[in-house]
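Shown next: coords_1.cif, given as mmCIF, C-alpha atoms.
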data_start
loop_
_atom_site.group_PDB
_atom_site.id
_atom_site.type_symbol
_atom_site.label_atom_id
_atom_site.label_comp_id
_atom_site.auth_asym_id
_atom_site.auth_seq_id
_atom_site.Cartn_x
_atom_site.Cartn_y
_atom_site.Cartn_z
ATOM 1 C CA MET A 936 -45.151 -10.578 1.252
ATOM 2 C CA THR A 937 -41.925 -9.055 -0.051
ATOM 3 C CA SER A 938 -39.593 -10.404 -2.692
ATOM 4 C CA GLU A 939 -35.853 -10.198 -2.875
ATOM 5 C CA PRO A 940 -34.639 -7.310 -5.050
ATOM 6 C CA LEU A 941 -34.199 -8.518 -8.610
ATOM 7 C CA GLN A 942 -31.156 -6.456 -9.678
ATOM 8 C CA PRO A 943 -28.697 -8.065 -7.210
ATOM 9 C CA ILE A 944 -29.873 -11.501 -8.345
ATOM 10 C CA ALA A 945 -29.404 -10.519 -12.004
ATOM 11 C CA ASP A 946 -25.931 -9.173 -11.204
ATOM 12 C CA ALA A 947 -24.977 -12.390 -9.394
ATOM 13 C CA ILE A 948 -26.142 -14.546 -12.312
ATOM 14 C CA THR A 949 -24.164 -12.390 -14.751
ATOM 15 C CA HIS A 950 -21.089 -12.720 -12.530
ATOM 16 C CA GLU A 951 -21.479 -16.499 -12.366
ATOM 17 C CA ALA A 952 -21.831 -16.754 -16.155
ATOM 18 C CA VAL A 953 -18.604 -14.764 -16.586
ATOM 19 C CA ARG A 954 -16.886 -16.951 -13.979
ATOM 20 C CA LEU A 955 -17.898 -20.067 -15.940
ATOM 21 C CA GLU A 956 -16.617 -18.528 -19.168
ATOM 22 C CA VAL A 957 -13.232 -17.759 -17.614
ATOM 23 C CA ALA A 958 -12.907 -21.015 -15.667
ATOM 24 C CA PHE A 959 -13.736 -23.262 -18.599
ATOM 25 C CA GLY A 960 -12.634 -21.123 -21.547
ATOM 26 C CA LEU A 961 -16.164 -20.904 -22.888
ATOM 27 C CA ARG A 962 -18.131 -18.216 -24.655
ATOM 28 C CA LEU A 963 -21.648 -18.690 -23.271
ATOM 29 C CA GLY A 964 -23.201 -15.471 -24.507
ATOM 30 C CA VAL A 965 -25.536 -15.350 -21.511
ATOM 31 C CA VAL A 966 -27.834 -12.342 -21.328
ATOM 32 C CA VAL A 967 -29.627 -11.696 -18.043
ATOM 33 C CA THR A 968 -32.856 -9.700 -18.011
ATOM 34 C CA ILE A 969 -35.341 -8.733 -15.335
ATOM 35 C CA ASP A 970 -39.067 -9.198 -15.831
ATOM 36 C CA GLU A 971 -40.463 -6.789 -13.224
ATOM 37 C CA GLU A 972 -44.055 -7.700 -14.036
ATOM 38 C CA ALA A 973 -43.476 -11.420 -13.460
ATOM 39 C CA GLY A 974 -40.983 -10.807 -10.654
ATOM 40 C CA THR A 975 -38.379 -13.052 -12.249
ATOM 41 C CA VAL A 976 -34.837 -12.937 -13.559
ATOM 42 C CA ILE A 977 -34.242 -14.651 -16.909
ATOM 43 C CA ALA A 978 -30.910 -15.911 -18.213
ATOM 44 C CA THR A 979 -30.734 -16.801 -21.903
ATOM 45 C CA GLY A 980 -27.950 -17.596 -24.312
ATOM 46 C CA GLU A 981 -26.702 -20.146 -26.790
ATOM 47 C CA GLY A 982 -24.201 -21.410 -24.239
ATOM 48 C CA LEU A 983 -27.082 -22.611 -22.067
ATOM 49 C CA GLN A 984 -28.034 -25.141 -24.744
ATOM 50 C CA ASP A 985 -24.971 -27.091 -23.630
ATOM 51 C CA PRO A 986 -25.965 -29.256 -20.651
ATOM 52 C CA GLY A 987 -22.646 -28.754 -18.829
ATOM 53 C CA PRO A 988 -22.759 -24.969 -18.331
ATOM 54 C CA ARG A 989 -26.527 -25.117 -17.851
ATOM 55 C CA ARG A 990 -26.096 -27.646 -15.004
ATOM 56 C CA GLU A 991 -23.294 -25.598 -13.433
ATOM 57 C CA LEU A 992 -25.365 -22.420 -13.419
ATOM 58 C CA ALA A 993 -28.457 -24.255 -12.129
ATOM 59 C CA ALA A 994 -26.393 -25.874 -9.348
ATOM 60 C CA THR A 995 -25.134 -22.459 -8.262
ATOM 61 C CA LEU A 996 -28.703 -21.162 -8.113
ATOM 62 C CA THR A 997 -29.762 -24.174 -6.044
ATOM 63 C CA ARG A 998 -26.829 -23.753 -3.625
ATOM 64 C CA ASN A 999 -27.912 -20.160 -3.112
ATOM 65 C CA GLY A 1000 -31.494 -21.126 -2.344
ATOM 66 C CA LEU A 1001 -33.042 -19.712 -5.501
ATOM 67 C CA SER A 1002 -35.835 -21.669 -7.119
ATOM 68 C CA HIS A 1003 -35.640 -21.817 -10.881
ATOM 69 C CA ASP A 1004 -36.824 -23.581 -14.004
ATOM 70 C CA VAL A 1005 -34.372 -24.782 -16.620
ATOM 71 C CA LEU A 1006 -35.706 -24.758 -20.161
ATOM 72 C CA GLY A 1007 -32.916 -26.479 -22.044
ATOM 73 C CA ALA A 1008 -34.595 -26.512 -25.426
ATOM 74 C CA SER A 1009 -34.931 -22.726 -25.377
ATOM 75 C CA ALA A 1010 -31.577 -22.157 -23.622
ATOM 76 C CA MET A 1011 -33.274 -20.325 -20.768
ATOM 77 C CA ILE A 1012 -33.203 -20.358 -16.977
ATOM 78 C CA ILE A 1013 -35.987 -18.542 -15.129
ATOM 79 C CA VAL A 1014 -35.174 -17.596 -11.543
ATOM 80 C CA TYR A 1015 -37.926 -16.998 -8.984
ATOM 81 C CA PRO A 1016 -36.673 -14.947 -6.042
ATOM 82 C CA THR A 1017 -37.768 -16.231 -2.677
ATOM 83 C CA ALA A 1018 -40.610 -14.504 -0.916
ATOM 84 C CA THR A 1019 -40.794 -13.793 2.806
#

Rewrite the structure of this file - the entire thing - as structure tokens.
Amino acid sequence: MTSEPLQPIADAITHEAVRLEVAFGLRLGVVVTIDEEAGTVIATGEGLQDPGPRRELAATLTRNGLSHDVLGASAMIIVYPTAT
């Protein structure tokens, strides 16, 4: 079983967060990190406490076929790359 590379996913999430900031005039403060050991990409930031941006980012992940967990209380989205 192989997983999708994590860095391109992290880069895409960062790009989407910036796009949301520009499109809606927000300052989300999203930081994207890679957990190599867990094989996940984690997006955190105060802006993800707001349900609007959190839903937008989660919807983008869903449209791109990435499974994820949204932890609103901790302002975190954990992305699980698909395995083949």

Set the distance at 9 Å and use all atoms listed in the file: which residues neighbour Ile1013 in chain A once local chain neighbours fewer than 6 positions away are removed? I'd like the list as a ChimeraX atom specification. /A:975-979,1002-1006

Quick check on the file I pasted: which residues fall under the PyMOL selection byres ((chain A and resi 964-971) around 10)? Write them as a ChimeraX atom specification. /A:941-942,944-949,952-953,956,961-963,972-983,1010-1014

Among the residues A:Ser1009, A:Tyr1015, A:Glu951, A:Gly960, the one that comes closest to Ala994 in chain A [using all atoms listed in the file]: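 Of all the options, A:Glu951 lies closest to Ala994 in chain A.
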
Expected axis-aligned box over every listed atom of range 965-976 of chain A, 6 Å added per side, centre plus edges in Å to one decimal, as lines of an AutoDock Vina configuration file:
center_x = -34.8
center_y = -11.1
center_z = -16.1
size_x = 30.5
size_y = 20.6
size_z = 22.9

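Nearest to Pro986 in chain A of all the residues A:Pro1016, A:Ala1008, A:His950, A:Phe959 is A:Ala1008, counting only C-alpha atoms.
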
What separation in Å, quoted to one decimal, exists between CA of Leu996 in chain A and CA of Gln984 in chain A?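 CA of Leu996 in chain A sits 17.1 Å away from CA of Gln984 in chain A.
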
Rounded to one decimal, what separation in Å do you get between CA of Glu991 in chain A and CA of Pro940 in chain A? 23.1 Å

Could you tell me how far CA of Pro943 in chain A sits from CA of Thr1017 in chain A, in Å to one decimal place?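 Here the two named atoms are 13.0 Å from each other.
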